[in-house]
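Undergrad: This structure is in structure tokens; I'll ask about it shortly.
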Amino acid sequence: MNFRLLAFAGGLAVIFTSIESLGLCFFRRDFIKVLVYLYNLIFGFIICLLEGHFIKMVIVQDARQVVIDFVPALRYLWGRGVFYAFSGVLQLSELSPPNILSGLFLVVVGVLFVVIGWSTKKRLSKLKHCLENPNKLKKYFKKYDRDGDNVLDRDEFGELIVSITGEEMDEDELEGIFAVMDTNGNDYVTLEELLDWWKGFEANSQVEEQGGYDLM
């Protein structure tokens, strides 16, 4: 199971435990915790929305894009990691075994996202430095689009990255890089998405040179 499916499972756990905790807190008239678990319920749905890339319904994909547009940091693995860890901490507001387990699980998943995000950034940096210009990227895209459908699936995309960088990747690294490139979450990467990444990387590099920071 890759790390995005772990996050999806964590989101489901948050949804179910939040519903249970809402009932208990409402019965005890602890309205502050009711508010906390309402937020956590919403967060659980957002987590499932972000990581349910295998759900092909257009309405889900559109909703995912709306969330990412509203909170741009959620486009990046580190941003999702911080959000997931925060959601896990909120789960610990109710010290029942299900909440403790789901909360700690989500905190661990959040940390995993941040770590993989850092590894992904380094891999993408090497990818960029191995490419001389966008034209070379276009040539690689055409070479590994083996079925000629003008998109790269995970396998084709993985072969492209390994060919350019000369380094093998594990499943989580591939999933992390693919998630960065697949900006609309439709489970394939287009040439336009690759070129947008190239332009974005150029802009981020200029910010770093000026003493800024990169949100990748």
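Residues are named by chain letter and number: chains run A, B, ... in the order of the structure tokens, numbers start at 1 in each chain, and ligands are numbered from 1 in the order shown.
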Please tabulate, as a Markdown table, the residues of segment 109-182 of chain A that come within 10 Å of segment 2-23 of chain A, each with its closest pair of atoms and the distance in Å to one decimal, counting only C-alpha atoms and ordering rows by chain, then residue number upward.
TA:
| residue | atom | partner | partner_atom | distance |
| --- | --- | --- | --- | --- |
| A:Val109 | CA | A:Ala7 | CA | 6.2 |
| A:Gly110 | CA | A:Ala7 | CA | 8.0 |
| A:Leu112 | CA | A:Phe3 | CA | 7.6 |
| A:Phe113 | CA | A:Phe3 | CA | 7.5 |
| A:Ile116 | CA | A:Phe3 | CA | 9.0 |
| A:Glu171 | CA | A:Asn2 | CA | 7.0 |
| A:Asp172 | CA | A:Asn2 | CA | 6.1 |
| A:Glu173 | CA | A:Asn2 | CA | 9.8 |
| A:Glu175 | CA | A:Asn2 | CA | 7.8 |
| A:Gly176 | CA | A:Arg4 | CA | 8.7 |
| A:Ala179 | CA | A:Arg4 | CA | 9.4 |
Undergrad: Go ahead and dump the residues you just picked, C-alpha atoms, as an mmCIF file, in the first residue's frame.
TA:
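Generated output (part.cif):
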data_model
loop_
_atom_site.group_PDB
_atom_site.id
_atom_site.type_symbol
_atom_site.label_atom_id
_atom_site.label_comp_id
_atom_site.auth_asym_id
_atom_site.auth_seq_id
_atom_site.Cartn_x
_atom_site.Cartn_y
_atom_site.Cartn_z
ATOM 1 C CA VAL A 109 1.229 9.607 7.756
ATOM 2 C CA GLY A 110 1.661 13.383 7.854
ATOM 3 C CA LEU A 112 5.745 10.465 6.017
ATOM 4 C CA PHE A 113 4.322 12.943 3.506
ATOM 5 C CA ILE A 116 8.700 11.938 0.914
ATOM 6 C CA GLU A 171 7.043 3.139 -5.335
ATOM 7 C CA ASP A 172 6.631 6.015 -2.886
ATOM 8 C CA GLU A 173 9.140 8.241 -4.694
ATOM 9 C CA GLU A 175 4.009 8.298 -6.478
ATOM 10 C CA GLY A 176 5.328 11.512 -4.919
ATOM 11 C CA ALA A 179 1.480 13.604 -7.676
#
Undergrad: Could you check the closest approach to Trp118 of chain A for each of A:Tyr188, A:Tyr140, A:Tyr76, A:Phe27 and tell me which residue wins, using only C-alpha atoms?
TA: A:Tyr76
Undergrad: Just to confirm, what's the straight-line distance from atom CA of Arg28 of chain A to atom CA of Ala85 of chain A in Å (one decimal)?
TA: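 Here the two named atoms are 27.1 Å from each other.
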Undergrad: Would you mind telling me which residue in A:Asp153, A:Glu159, A:Glu51, A:Glu167 lies nearest to Asp187 of chain A when using only C-alpha atoms?
TA: A:Asp153
Undergrad: Could you list, as an MDAnalysis selection string, every residue within 10 Å of Gln65 of chain A, counting only C-alpha atoms and ignoring same-chain residues fewer than 4 positions away?
TA: chainID A and resid 49:50 59:61 69:72 75 183:185
Undergrad: Applying 12 Å and only C-alpha atoms, which residues near segment 145-149 of chain A remain after dropping the ones on its own chain fewer than 6 positions away? List them as number ranges by chain.
TA: A: 138-139, 155-160, 188-191
Undergrad: Let me make sure I understand: among A:Ile47, A:Val162, A:Val180, A:Val151, which one has the smallest atom-to-atom distance to Glu192 of chain A if we use only C-alpha atoms?
TA: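 The closest residue to Glu192 of chain A is A:Val151.
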Undergrad: Using DSSP on the backbone coordinates, identify the residues of segment 49-185 of chain A assigned to helix (DSSP H, G or I); present them as a ChimeraX atom specification.
TA: /A:49-51,58-70,72-75,77-91,97-130,134-144,154-165,171-181
Undergrad: Between atom CA of Asn150 of chain A and atom CA of Ile55 of chain A, measure the distance and give it in Å to one decimal.
TA: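 Atom CA of Asn150 of chain A sits 21.8 Å away from atom CA of Ile55 of chain A.
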Undergrad: Restricting the calculation to only C-alpha atoms: of A:His129, A:Val114, A:Ile46, A:Asn40, which residue gets closest to Ser87 of chain A?
TA: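 Closest to Ser87 of chain A of all the choices is A:Asn40.
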Undergrad: Please produce, as JSON lines, a per-residue contact table for segment 43-145 of chain A versus segment 196-200 of chain A (criterion: any atom at most 9 Å away, only C-alpha atoms considered), showing the nearest atom pair and its distance in Å to one decimal, sorted by chain then residue number.
TA:
{"residue": "A:Lys128", "atom": "CA", "partner": "A:Trp198", "partner_atom": "CA", "distance": 7.4}
{"residue": "A:Asn133", "atom": "CA", "partner": "A:Trp198", "partner_atom": "CA", "distance": 8.9}
{"residue": "A:Pro134", "atom": "CA", "partner": "A:Trp198", "partner_atom": "CA", "distance": 7.3}
{"residue": "A:Leu137", "atom": "CA", "partner": "A:Trp198", "partner_atom": "CA", "distance": 9.0}
Undergrad: What separation in Å, quoted to one decimal, exists between atom CA of Ile68 of chain A and atom CA of Gly52 of chain A?
TA: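 Result for atom CA of Ile68 of chain A versus atom CA of Gly52 of chain A: 13.7 Å, one decimal.
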Undergrad: Which one of A:Leu90, A:Lys122, A:Tyr84, A:Cys48 sits closest to Arg64 of chain A if you count only C-alpha atoms?
TA: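 Closest residue, counting only C-alpha atoms: A:Cys48.
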Undergrad: Among the residues of chain A, find those DSSP assigns to strand (DSSP E or B) from the backbone and print them as a list in words.
TA: Val151, Leu152, Val189 and Thr190 of chain A
Undergrad: Considering only C-alpha atoms, can you say which of A:Lys126, A:Lys142, A:Lys136, A:Val66 comes closest to Gly166 of chain A?
TA: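 Between A:Lys126, A:Lys142, A:Lys136, A:Val66, the residue approaching Gly166 of chain A most closely is A:Lys126.
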